[in-house]
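input.cif follows; it contains mmCIF, C-alpha atoms.
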```
data_upload
#
loop_
_atom_site.group_PDB
_atom_site.id
_atom_site.type_symbol
_atom_site.label_atom_id
_atom_site.label_comp_id
_atom_site.auth_asym_id
_atom_site.auth_seq_id
_atom_site.Cartn_x
_atom_site.Cartn_y
_atom_site.Cartn_z
ATOM 1 C CA MET U 1 45.677 131.548 121.832
ATOM 2 C CA ASN U 2 46.749 130.367 125.262
ATOM 3 C CA GLU U 3 46.675 126.754 126.364
ATOM 4 C CA GLN U 4 43.807 127.307 128.791
ATOM 5 C CA ILE U 5 41.534 128.666 126.056
ATOM 6 C CA GLU U 6 42.494 125.706 123.856
ATOM 7 C CA GLN U 7 41.516 123.306 126.658
ATOM 8 C CA ILE U 8 38.161 125.016 127.168
ATOM 9 C CA ALA U 9 37.510 124.864 123.414
ATOM 10 C CA ALA U 10 38.436 121.156 123.365
ATOM 11 C CA ARG U 11 36.020 120.432 126.237
ATOM 12 C CA ILE U 12 33.225 122.256 124.426
ATOM 13 C CA ARG U 13 33.923 120.358 121.208
ATOM 14 C CA GLU U 14 34.070 117.014 123.058
ATOM 15 C CA LEU U 15 30.797 117.612 124.936
ATOM 16 C CA ARG U 16 29.052 118.767 121.766
ATOM 17 C CA GLU U 17 30.160 115.599 119.993
ATOM 18 C CA ILE U 18 29.120 113.373 122.917
ATOM 19 C CA LEU U 19 25.702 115.036 122.915
ATOM 20 C CA GLU U 20 25.545 114.621 119.118
ATOM 21 C CA ILE U 21 24.696 118.262 118.512
ATOM 22 C CA SER U 22 25.922 120.023 115.381
ATOM 23 C CA GLN U 23 27.920 123.241 115.544
ATOM 24 C CA GLN U 24 25.053 124.977 113.731
ATOM 25 C CA GLU U 25 22.566 123.834 116.394
ATOM 26 C CA VAL U 26 24.739 125.175 119.221
ATOM 27 C CA ALA U 27 25.355 128.466 117.409
ATOM 28 C CA ASP U 28 21.610 128.880 116.811
ATOM 29 C CA LYS U 29 20.714 128.038 120.414
ATOM 30 C CA VAL U 30 23.237 130.482 121.897
ATOM 31 C CA GLY U 31 22.346 133.158 119.337
ATOM 32 C CA ILE U 32 25.637 133.655 117.497
ATOM 33 C CA PRO U 33 26.685 133.137 113.871
ATOM 34 C CA LEU U 34 28.105 129.720 112.996
ATOM 35 C CA ALA U 35 31.504 131.165 112.002
ATOM 36 C CA GLU U 36 31.799 132.890 115.382
ATOM 37 C CA TYR U 37 30.924 129.671 117.239
ATOM 38 C CA GLN U 38 33.454 127.735 115.155
ATOM 39 C CA SER U 39 36.164 130.262 116.025
ATOM 40 C CA TYR U 40 35.489 129.617 119.736
ATOM 41 C CA GLU U 41 35.391 125.841 119.388
ATOM 42 C CA ASN U 42 38.607 125.894 117.337
ATOM 43 C CA ALA U 43 40.297 128.206 119.896
ATOM 44 C CA THR U 44 41.054 130.866 117.302
ATOM 45 C CA ASP U 45 39.097 133.437 119.362
ATOM 46 C CA ASP U 46 38.589 133.757 123.097
ATOM 47 C CA ILE U 47 35.132 132.695 124.287
ATOM 48 C CA PRO U 48 33.242 135.551 125.986
ATOM 49 C CA ILE U 49 31.873 134.661 129.413
ATOM 50 C CA GLY U 50 28.298 135.117 128.173
ATOM 51 C CA VAL U 51 28.829 132.527 125.444
ATOM 52 C CA LEU U 52 30.485 130.191 127.978
ATOM 53 C CA TYR U 53 27.380 130.453 130.209
ATOM 54 C CA ALA U 54 25.046 129.900 127.249
ATOM 55 C CA VAL U 55 26.957 126.869 125.962
ATOM 56 C CA ALA U 56 27.099 125.347 129.457
ATOM 57 C CA GLY U 57 23.345 125.854 129.758
ATOM 58 C CA GLU U 58 22.675 124.203 126.400
ATOM 59 C CA PHE U 59 24.896 121.255 127.333
ATOM 60 C CA GLY U 60 23.313 120.944 130.793
ATOM 61 C CA VAL U 61 26.615 121.361 132.657
ATOM 62 C CA ASP U 62 28.059 123.855 135.094
ATOM 63 C CA THR U 63 30.480 126.389 133.622
ATOM 64 C CA THR U 64 33.123 124.876 135.925
ATOM 65 C CA VAL U 65 33.053 121.728 133.766
ATOM 66 C CA LEU U 66 33.946 123.787 130.699
ATOM 67 C CA MET U 67 36.627 125.800 132.529
ATOM 68 C CA THR U 68 38.340 122.959 134.417
ATOM 69 C CA GLY U 69 37.120 119.640 133.065
ATOM 70 C CA GLU U 70 35.694 118.756 136.494
ATOM 71 C CA GLY U 71 32.306 119.392 138.021
ATOM 72 C CA PRO U 72 31.747 121.230 141.294
ATOM 73 C CA ARG U 73 31.642 118.953 144.335
ATOM 74 C CA MET U 74 30.480 121.019 147.319
ATOM 75 C CA ASP U 75 26.847 121.633 148.219
ATOM 76 C CA GLU U 76 26.955 123.168 151.719
ATOM 77 C CA TYR U 77 29.943 125.502 151.430
ATOM 78 C CA THR U 78 33.211 125.983 149.641
ATOM 79 C CA ILE U 79 36.263 127.847 150.871
ATOM 80 C CA VAL U 80 38.858 129.397 148.615
ATOM 81 C CA ARG U 81 42.024 130.431 150.398
ATOM 82 C CA GLY U 82 43.747 133.636 149.262
ATOM 83 C CA GLY U 83 44.897 133.402 145.662
ATOM 84 C CA ASN U 84 43.652 129.832 145.105
ATOM 85 C CA GLY U 85 40.517 130.276 142.995
ATOM 86 C CA VAL U 86 40.176 128.629 139.591
ATOM 87 C CA LYS U 87 42.405 130.846 137.462
ATOM 88 C CA VAL U 88 41.523 131.609 133.863
ATOM 89 C CA ASP U 89 43.676 133.793 131.614
ATOM 90 C CA ARG U 90 41.108 135.080 129.150
ATOM 91 C CA TYR U 91 43.419 137.092 126.914
ATOM 92 C CA ALA U 92 46.434 139.357 127.274
ATOM 93 C CA GLY U 93 45.709 141.836 130.032
ATOM 94 C CA TYR U 94 42.580 140.096 131.399
ATOM 95 C CA SER U 95 42.477 137.186 133.812
ATOM 96 C CA PHE U 96 40.150 136.096 136.569
ATOM 97 C CA SER U 97 40.025 133.793 139.539
ATOM 98 C CA ALA U 98 36.655 132.069 140.042
ATOM 99 C CA LEU U 99 35.876 131.952 143.759
ATOM 100 C CA ALA U 100 32.892 129.584 143.854
ATOM 101 C CA ALA U 101 33.627 127.163 141.004
ATOM 102 C CA ASN U 102 33.538 124.184 143.366
ATOM 103 C CA TYR U 103 30.037 124.962 144.723
ATOM 104 C CA LYS U 104 27.196 122.979 143.123
ATOM 105 C CA ASN U 105 24.077 124.684 141.766
ATOM 106 C CA ARG U 106 25.308 128.179 142.594
ATOM 107 C CA ASP U 107 23.225 131.171 141.643
ATOM 108 C CA MET U 108 26.148 133.600 141.498
ATOM 109 C CA ASP U 109 29.688 133.537 140.134
ATOM 110 C CA PRO U 110 32.021 135.723 142.201
ATOM 111 C CA MET U 111 35.405 136.331 140.571
ATOM 112 C CA ILE U 112 38.462 138.479 141.130
ATOM 113 C CA VAL U 113 39.385 140.053 137.792
ATOM 114 C CA THR U 114 42.894 141.376 137.173
ATOM 115 C CA LEU U 115 43.444 143.841 134.340
ATOM 116 C CA THR U 116 46.524 145.518 132.945
ATOM 117 C CA LYS U 117 46.345 148.935 131.345
ATOM 118 C CA ALA U 118 44.494 148.972 128.020
ATOM 119 C CA GLU U 119 43.225 151.585 125.603
ATOM 120 C CA GLN U 120 39.927 149.859 124.929
ATOM 121 C CA ALA U 121 37.599 147.424 126.681
ATOM 122 C CA GLU U 122 36.422 144.292 124.887
ATOM 123 C CA LEU U 123 32.617 144.382 124.969
ATOM 124 C CA VAL U 124 30.571 141.323 125.949
ATOM 125 C CA SER U 125 26.988 140.701 126.969
ATOM 126 C CA HIS U 126 25.213 137.983 128.909
ATOM 127 C CA ALA U 127 22.004 137.410 130.816
ATOM 128 C CA GLY U 128 21.373 138.082 134.482
ATOM 129 C CA GLN U 129 22.798 140.834 136.654
ATOM 130 C CA GLU U 130 26.367 141.908 137.431
ATOM 131 C CA PHE U 131 28.114 143.720 140.262
ATOM 132 C CA ASN U 132 31.684 145.100 140.118
ATOM 133 C CA TYR U 133 33.637 146.422 143.141
ATOM 134 C CA VAL U 134 37.096 147.918 142.537
ATOM 135 C CA LEU U 135 39.679 146.461 144.907
ATOM 136 C CA GLU U 136 42.806 148.076 143.485
ATOM 137 C CA GLY U 137 43.628 150.715 140.875
ATOM 138 C CA THR U 138 41.245 152.500 138.534
ATOM 139 C CA ILE U 139 39.021 150.970 135.856
ATOM 140 C CA THR U 140 36.786 152.351 133.168
ATOM 141 C CA ILE U 141 33.655 150.379 132.463
ATOM 142 C CA ALA U 142 31.802 150.825 129.210
ATOM 143 C CA ILE U 143 28.098 150.016 129.314
ATOM 144 C CA GLY U 144 26.413 150.584 125.991
ATOM 145 C CA LYS U 145 27.539 154.009 124.784
ATOM 146 C CA ARG U 146 28.448 155.315 128.262
ATOM 147 C CA GLU U 147 31.721 155.023 130.157
ATOM 148 C CA PHE U 148 32.233 155.282 133.901
ATOM 149 C CA THR U 149 35.551 155.570 135.739
ATOM 150 C CA LEU U 150 35.681 153.713 139.052
ATOM 151 C CA GLU U 151 38.441 153.930 141.643
ATOM 152 C CA THR U 152 39.325 151.726 144.603
ATOM 153 C CA GLY U 153 36.218 151.326 146.764
ATOM 154 C CA ASP U 154 33.758 152.281 143.991
ATOM 155 C CA SER U 155 31.160 149.833 142.719
ATOM 156 C CA ILE U 156 28.570 149.454 139.998
ATOM 157 C CA TYR U 157 25.547 147.144 139.591
ATOM 158 C CA PHE U 158 24.196 146.782 136.064
ATOM 159 C CA ASN U 159 22.327 144.825 133.427
ATOM 160 C CA PRO U 160 24.968 142.780 131.564
ATOM 161 C CA ALA U 161 22.666 142.157 128.609
ATOM 162 C CA VAL U 162 23.838 145.605 127.514
ATOM 163 C CA PRO U 163 27.253 145.247 125.809
ATOM 164 C CA HIS U 164 29.866 146.108 128.432
ATOM 165 C CA GLY U 165 33.539 145.797 129.200
ATOM 166 C CA GLN U 166 36.122 146.875 131.748
ATOM 167 C CA ARG U 167 39.639 148.176 131.185
ATOM 168 C CA ALA U 168 42.395 149.275 133.537
ATOM 169 C CA VAL U 169 43.255 152.954 133.543
ATOM 170 C CA THR U 170 46.165 152.393 135.925
ATOM 171 C CA ASN U 171 48.961 149.947 135.090
ATOM 172 C CA LYS U 172 47.134 147.235 137.011
ATOM 173 C CA ALA U 173 43.652 147.021 138.481
ATOM 174 C CA LYS U 174 41.648 144.387 140.326
ATOM 175 C CA PHE U 175 37.940 144.184 140.877
ATOM 176 C CA LEU U 176 35.484 141.753 142.375
ATOM 177 C CA THR U 177 32.719 140.851 139.984
ATOM 178 C CA VAL U 178 29.641 138.892 140.978
ATOM 179 C CA ILE U 179 27.557 137.626 138.085
ATOM 180 C CA ASN U 180 24.101 136.215 138.625
ATOM 181 C CA GLU U 181 23.404 134.592 135.283
ATOM 182 C CA ASN U 182 20.226 133.036 136.714
ATOM 183 C CA ALA U 183 18.609 136.280 137.885
ATOM 184 C CA CYS U 184 16.487 136.614 134.749
ATOM 185 C CA ALA U 185 16.846 133.292 132.994
ATOM 186 C CA GLY U 186 16.000 130.634 135.580
ATOM 187 C CA LYS U 187 18.361 127.930 136.823
ATOM 188 C CA ARG U 188 21.258 126.602 134.747
#
```
How does the structure come out when it is put into structure tokens?
Amino acid sequence: MNEQIEQIAARIRELREILEISQQEVADKVGIPLAEYQSYENATDDIPIGVLYAVAGEFGVDTTVLMTGEGPRMDEYTIVRGGNGVKVDRYAGYSFSALAANYKNRDMDPMIVTLTKAEQAELVSHAGQEFNYVLEGTITIAIGKREFTLETGDSIYFNPAVPHGQRAVTNKAKFLTVINENACAGKR
């Protein structure tokens, strides 16, 4: 597991301990088996974005705190210059740059996702709504049992509660994703 995932796992473990919540309680509240939660907290498995949102919600913190160790500071605007978002390498072949991580109380999480060619997409699910716009290359997005191929300039808006995942068809692909975790679940 990469160092960034280990740091995120350590922050989750530390916050859970500070809040005096058991691993079982967190697993139950976010709706996953205890063993799965433990694998995330011990950094033996990558934490899906949906679980990251759910854990942040249960702990009463912004996801930025879990990703970076610092809370967002801006409440009127935030600017991210080209290539300077909060970078997270999720796993081999999948990384993203969070573009609004420094904005307090945001309703949406825009990110630039970079993928390298893969045979299969890792499926995740989370609350809210999601929008993907392909900036470069070709991706295939699996939503439930269906797959859609999107090329540069194509977009899709969908319900991310349905298991979904994106993979690059070309050697490299980039897409803008905007996730509104609050659309159906209220404020974080």
What's around U:Arg11 at 10 Å? Count all atoms listed in the file, leave out sequence neighbours fewer than 6 positions away in its own chain, and write the answer as an MDAnalysis selection string. chainID U and resid 5 17 41 65:69
Please identify every residue of stretch 11-97 of chain U that has at least one atom no farther than 7 Å from an atom of stretch 114-123 of chain U, counting only C-alpha atoms, and for each give the shortest atom pair and the distance in Å to one decimal, arranged by chain then increasing number, as JSON lines.
```
{"residue": "U:Gly93", "atom": "CA", "partner": "U:Thr116", "partner_atom": "CA", "distance": 4.8}
{"residue": "U:Tyr94", "atom": "CA", "partner": "U:Leu115", "partner_atom": "CA", "distance": 4.8}
{"residue": "U:Ser95", "atom": "CA", "partner": "U:Thr114", "partner_atom": "CA", "distance": 5.4}
{"residue": "U:Phe96", "atom": "CA", "partner": "U:Thr114", "partner_atom": "CA", "distance": 6.0}
```
Starting from the displayed file, determine the output of the PyMOL selection byres ((chain U and resi 162) around 9) and express the residue list as a ChimeraX atom specification. /U:124-126,143-144,158-161,163-164
Return the single residue from U:Ile112, U:Asp62, U:Thr170, U:Asn132 that is closest to U:Asp154, with distances computed using all atoms listed in the file.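 Closest to U:Asp154, using all atoms listed in the file: U:Asn132.
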The residue from U:Thr64, U:Asn102, U:Asn42, U:Gln129 with the smallest atom-to-atom distance to U:Ile156, counting only C-alpha atoms, is U:Gln129
Hey, what comes out of the PyMOL selection byres ((chain U and resi 109) around 9) on this file? Could you write it as JSON, numbers by chain? {"U": [98, 99, 100, 101, 106, 107, 108, 110, 111, 177, 178, 179, 180, 181]}
